[in-house]
Amino acid sequence: METKTKPSEKKLYDYQVRDLDAIFNYLNEAPEDTNLLYQLPTGGGKTVVFSEIARRYIGLRGKKVVVLTHRIELSVQTSKMLTGFGVSNRVINSETKTLEDQNQYDCFVAMVETLNNRLQEDQIALENIGLVIIDEAHYNSFRKLFKFFKHAVVLGVTATPLSSNIKLPMKDHYKKLIIGASIAELIDRGYLARAELYARNVSLKSLKLGINGDYTVKSSDAFYGNTGMLNQLKDTYEEIAAGTKTLIFNNGISTSKYVYETFKKAGYPVRHLDNKNTASERREILSWFAETPDAILTSVSILTTGFDEPSVETIILNRATRSLTLYFQMIGRGSRVVRNKNTFKVIDMGNNIARFGPWDSPMNWQDIFHFPDYYLENIKNDEDIERDFSYDMPPQLKARFAKSKTLTFDIKAAYKEVFSRGLKSKTVLENSIEQHATLCYENAKDIYEARMLIKLLQEDISYRVKTYSYCIMNNTKNYKEWLEEDYQRKLRLKLAQLFSKQ
């Protein structure tokens with residue numbers, strides 16, 4: 001596959017020029033075999049920057065450049081960008097068996113596995129390579145190629161300078177990290193859309209961690225594929241994002257197909273996409289998604305890189321992850337600015353915002369790069385996240401209790417009050433039960449309807465019991481289950497007493 005066009009001018013933004021100058025200032029002082037890492041957020045134009053780096057390097061040093069990617073789509077996109085910068089380049093793909101014409105090109109673009117196979121088998125030998133650019137450098141598959149370019153400068157480019165493998169930290173392979181513009185800066189200057197963040201509190205106690213440190217597909221499918229979570233997803237979409245072009249990320253193919261069926265049954269324009277779709281099916285689905293204003297596309301992580309659809313208005317994280325990189329990649333798919341779009345919605349169904357912080361919050365990338373173990377060890381765990389949950393009664397439920405003036409009860413504040421007065425801690429739950437009983441009594445015509453209302457309060461009851469158990473520092477599973485059963489028994493008894501007085 002060849003790409004040869006006449007040189008053309010590409011305009012760079014000032015923050016990109018600033019980063020280019022910083023990179024070349026370092027390279028001018030560093031030895032020829034140095035390894036340098038460059039960080040720039042998704043949507044900041046990493047491909048634009050390293051294409052200009054390639055063009056400038058070739059002109060200054062008279063040596064050739066290799067660009068490594070991990071997917072064929074990225075190789076094709078990168079080749080087109082390089083061509084736009086006037087860099088004569090060739091893609092080394094599975095059909096490339098020899099490179100007899102390599103003198104005609106200043107740059108080569110290749111997938112890691114393809115190039116590694118050709119070099120290992122001595123089918124090709126790249127000559128006069130002075131710079132190796134690694135796109136999405138946080139992946140570790142690139143390391144196997146370092147031995148073939150011992151005398152070249154290696155420039156890694158990533159939005160998140162945190163290795164995908166904790167045992168292979170990036171600081172061991174890159175001597176310096178250069179930080180580009182932050183997400184907040186790019187938003188303030190109009191280069192990225194501003195995210196409107198919405199989070200649903202979700203108890204993730206049934207999810208299991210795999211050997212890679214993230215939640216397993218099996219446990220995620222079991223949790224997110226159940227009817228309760230599917231209905232909550234649909235209800236949340238209808239409440240916050242109905243009618244918007246929506247991209248839904250899932251952790252398993254089964255979940256994504258269940259999501260597809262759920263939205264299709266509700267009458268929404270929806271398609272499903274995973275890595276088992278053929279190339280032609282993928283093109284057709286993505287074309288449909290681009291052309292349909294209110295389209296919903298549910299997928300597994302296949303669209304986290306190499307996919308750019310600026311018209312996306314809503315991102316739904318229908319999964320939990322402990323991967324900082326994946327968190328930024330998923331949200332970044334909605335951050336492109338286009339005409340009539342300078343904001344987008346993010347709906348989090350996996351406590352990810354609570355775990356990593358808001359998408360545009362400041363990140364100390366230097367500390368994360370130099371001390372990755374410390375950062376990973378201090379990521380919020382699920383129990384700590386759930387401890388900070390606050391329950392907000394949904395609007396439709398509030399309407400069901402419209403006759404009552406007070407719908408909430410602050411367990412933490414009540415506990416502090418009880419503790420300060422030297423009363424027994426169980427007084428907190430007694431007062432909470434009384435408030436719940438009053439709610440049901442005021443909004444039911446008889447005890448039978450009141451008992452039905454108790455079922456509607458199940459989520460609120462669970463939240464109150466869990467908060468109370470944290471307050472008294474006894475939050476074992478068995479204790480909380482017993483406490484919840486006891487709470488409901490006493491609530492039914494209290495209701496009976498209220499109606500007996502009528």
# chains A, B, ... in the order shown; residues from 1 in each chain; ligands from 1
>>> closest_atom_pairs(of="range 17-79 of chain A", to="range 114-122 of chain A", cutoff="10 Å", atoms="only C-alpha atoms", output="Markdown table")
| residue | atom | partner | partner_atom | distance |
| --- | --- | --- | --- | --- |
| A:Leu68 | CA | A:Leu115 | CA | 8.6 |
| A:His70 | CA | A:Thr114 | CA | 9.6 |
| A:Ile72 | CA | A:Thr114 | CA | 9.9 |
>>> residues_around(residues="Glu52 in chain A", least_positions_apart="2", cutoff="12 Å", atoms="only C-alpha atoms", output="MDAnalysis selection string")
chainID A and resid 8:13 16:17 19:21 23:24 45:50 54:59 65 78 81:87 133
>>> write_last_selection(atoms="N, CA and C atoms", output="compact mmCIF listing (two decimals), in the first residue's frame")
# COMPACT_ATOMS: atom_id res chain seq x y z
N SER A 8 1.81 19.55 1.14
CA SER A 8 0.80 20.58 1.36
C SER A 8 0.96 21.13 2.77
N GLU A 9 0.52 22.35 2.96
CA GLU A 9 0.69 23.00 4.26
C GLU A 9 -0.44 22.62 5.21
N LYS A 10 -0.10 22.34 6.44
CA LYS A 10 -1.08 22.06 7.48
C LYS A 10 -0.90 23.08 8.58
N LYS A 11 -2.00 23.64 9.04
CA LYS A 11 -1.92 24.66 10.10
C LYS A 11 -1.97 23.99 11.46
N LEU A 12 -1.02 24.35 12.32
CA LEU A 12 -0.99 23.83 13.68
C LEU A 12 -1.47 24.90 14.65
N TYR A 13 -2.11 24.46 15.73
CA TYR A 13 -2.52 25.39 16.78
C TYR A 13 -1.31 25.79 17.61
N GLN A 16 0.08 23.25 19.99
CA GLN A 16 0.80 22.18 19.32
C GLN A 16 2.21 22.63 18.94
N VAL A 17 2.33 23.88 18.49
CA VAL A 17 3.65 24.44 18.17
C VAL A 17 4.51 24.50 19.42
N ASP A 19 4.37 22.54 22.01
CA ASP A 19 4.84 21.19 22.33
C ASP A 19 5.93 20.73 21.38
N LEU A 20 5.78 21.06 20.09
CA LEU A 20 6.80 20.71 19.11
C LEU A 20 8.15 21.32 19.46
N ASP A 21 8.11 22.59 19.84
CA ASP A 21 9.37 23.27 20.22
C ASP A 21 9.99 22.60 21.44
N ILE A 23 9.68 19.48 22.38
CA ILE A 23 10.20 18.17 21.99
C ILE A 23 11.52 18.29 21.26
N PHE A 24 11.61 19.22 20.30
CA PHE A 24 12.86 19.35 19.54
C PHE A 24 13.97 20.00 20.36
N GLY A 45 -5.11 16.34 19.05
CA GLY A 45 -4.40 16.30 17.77
C GLY A 45 -3.04 15.65 17.84
N LYS A 46 -2.93 14.50 18.50
CA LYS A 46 -1.63 13.82 18.61
C LYS A 46 -1.08 13.44 17.24
N THR A 47 -1.96 12.96 16.36
CA THR A 47 -1.50 12.54 15.02
C THR A 47 -0.97 13.73 14.23
N VAL A 48 -1.62 14.87 14.39
CA VAL A 48 -1.16 16.10 13.74
C VAL A 48 0.24 16.46 14.23
N VAL A 49 0.43 16.40 15.55
CA VAL A 49 1.72 16.78 16.13
C VAL A 49 2.82 15.84 15.68
N PHE A 50 2.60 14.53 15.78
CA PHE A 50 3.72 13.65 15.43
C PHE A 50 3.95 13.57 13.91
N ALA A 54 7.57 14.21 12.37
CA ALA A 54 8.19 13.37 11.35
C ALA A 54 8.71 14.24 10.20
N ARG A 55 7.88 15.15 9.72
CA ARG A 55 8.28 16.02 8.60
C ARG A 55 9.51 16.84 8.96
N ARG A 56 9.48 17.44 10.17
CA ARG A 56 10.59 18.29 10.58
C ARG A 56 11.85 17.48 10.82
N TYR A 57 11.71 16.31 11.42
CA TYR A 57 12.87 15.47 11.73
C TYR A 57 13.57 15.02 10.44
N ILE A 58 12.77 14.60 9.47
CA ILE A 58 13.34 14.16 8.19
C ILE A 58 14.13 15.29 7.54
N GLY A 59 13.57 16.50 7.60
CA GLY A 59 14.25 17.64 7.00
C GLY A 59 15.52 18.04 7.73
N VAL A 65 11.79 7.83 9.20
CA VAL A 65 10.94 7.70 10.37
C VAL A 65 10.06 6.46 10.23
N THR A 78 -3.14 7.38 9.90
CA THR A 78 -1.84 8.03 10.09
C THR A 78 -1.15 8.29 8.75
N MET A 81 -2.63 11.32 7.17
CA MET A 81 -2.20 12.54 7.83
C MET A 81 -0.77 12.90 7.43
N LEU A 82 0.10 11.92 7.39
CA LEU A 82 1.49 12.16 6.97
C LEU A 82 1.54 12.71 5.55
N THR A 83 0.72 12.15 4.69
CA THR A 83 0.64 12.62 3.31
C THR A 83 0.23 14.09 3.28
N GLY A 84 -0.72 14.46 4.14
CA GLY A 84 -1.15 15.85 4.22
C GLY A 84 -0.05 16.79 4.65
N PHE A 85 0.94 16.27 5.35
CA PHE A 85 2.09 17.07 5.77
C PHE A 85 3.25 17.00 4.77
N GLY A 86 2.99 16.33 3.66
CA GLY A 86 4.02 16.26 2.63
C GLY A 86 5.08 15.21 2.89
N VAL A 87 4.79 14.25 3.75
CA VAL A 87 5.76 13.20 4.07
C VAL A 87 5.46 11.98 3.20
N ILE A 133 8.26 6.56 16.04
CA ILE A 133 7.14 7.17 16.76
C ILE A 133 6.14 6.07 17.10
>>> closest_residue(among="A:Phe307, A:Asn318, A:Thr98, A:Ala242", to="Leu230 in chain A", atoms="only C-alpha atoms")
A:Asn318
>>> atom_distance(atom1="CA of Ile368 in chain A", atom2="CA of Ile211 in chain A")
21.4 Å
>>> closest_residue(among="A:Thr246, A:Ser420, A:Gln435, A:Ser203", to="Thr406 in chain A", atoms="only C-alpha atoms")
A:Gln435
>>> select_by_dssp(residues="range 124-327 of chain A", states="strand (DSSP E or B)", output="number ranges by chain")
A: 129-135, 153-158, 176-179, 194-199, 209, 215, 246-249, 270-273, 296-299, 314-317
>>> residues_around(residues="Ser500 in chain A", least_positions_apart="6", cutoff="12 Å", atoms="only C-alpha atoms", output="VMD selection string")
chain A and resid 441 446 to 447 493 to 494
>>> write_last_selection(atoms="C-alpha atoms", output="PDB file, in the first residue's frame")
ATOM      1  CA  TYR A 441     -49.200   6.186  55.667  1.00  0.00           C
ATOM      2  CA  ASP A 446     -55.223   1.570  53.279  1.00  0.00           C
ATOM      3  CA  ILE A 447     -52.600  -0.677  54.798  1.00  0.00           C
ATOM      4  CA  LEU A 493     -45.188  -3.278  62.235  1.00  0.00           C
ATOM      5  CA  LYS A 494     -45.077   0.511  62.528  1.00  0.00           C
TER       6      LYS A 494
END
>>> residues_around(residues="Tyr260 in chain A", least_positions_apart="6", cutoff="10 Å", atoms="only C-alpha atoms", output="ChimeraX atom specification")
/A:230,248,254,266,268-273,296-299
>>> closest_residue(among="A:Gly44, A:Lys412, A:Leu209, A:Ala110", to="Glu95 in chain A", atoms="only C-alpha atoms")
A:Ala110
>>> atom_distance(atom1="CA of Glu239 in chain A", atom2="CA of Phe289 in chain A")
21.6 Å
>>> residues_around(residues="range 473-483 of chain A", least_positions_apart="6", cutoff="10 Å", atoms="only C-alpha atoms", output="JSON, numbers by chain")
{"A": [383, 429, 462, 465, 466, 467, 489]}
>>> residues_around(residues="range 99-103 of chain A", least_positions_apart="2", cutoff="9 Å", atoms="only C-alpha atoms", output="list in words")
Arg90, Ile92, Thr96, Lys97, Tyr105, Asp106, Cys107, Phe108, Gln123, Ile124, Ala125, Leu126 and Glu127 of chain A
>>> closest_atom_pairs(of="range 215-287 of chain A", to="range 394-400 of chain A", cutoff="12 Å", atoms="only C-alpha atoms", output="CSV")
residue,atom,partner,partner_atom,distance
A:Gln232,CA,A:Pro394,CA,11.1
A:Asp235,CA,A:Pro394,CA,10.3
A:Thr236,CA,A:Pro394,CA,10.1
A:Glu239,CA,A:Pro395,CA,9.7
>>> write_last_selection(atoms="C-alpha atoms", output="short mmCIF file (atom, residue, chain, number, x, y, z; two decimals), in the first residue's frame")
data_model
loop_
_atom_site.label_atom_id
_atom_site.label_comp_id
_atom_site.auth_asym_id
_atom_site.auth_seq_id
_atom_site.Cartn_x
_atom_site.Cartn_y
_atom_site.Cartn_z
CA GLN A 232 -32.18 1.53 34.73
CA ASP A 235 -34.74 4.99 32.07
CA THR A 236 -31.58 7.06 32.59
CA GLU A 239 -34.43 11.07 31.50
#
>>> closest_residue(among="A:Cys471, A:Ala320, A:Asn443, A:Trp288", to="Ser206 in chain A", atoms="only C-alpha atoms")
A:Ala320
>>> closest_residue(among="A:Gln502, A:Ser219, A:Thr42, A:Ser163", to="Phe369 in chain A", atoms="only C-alpha atoms")
A:Ser163
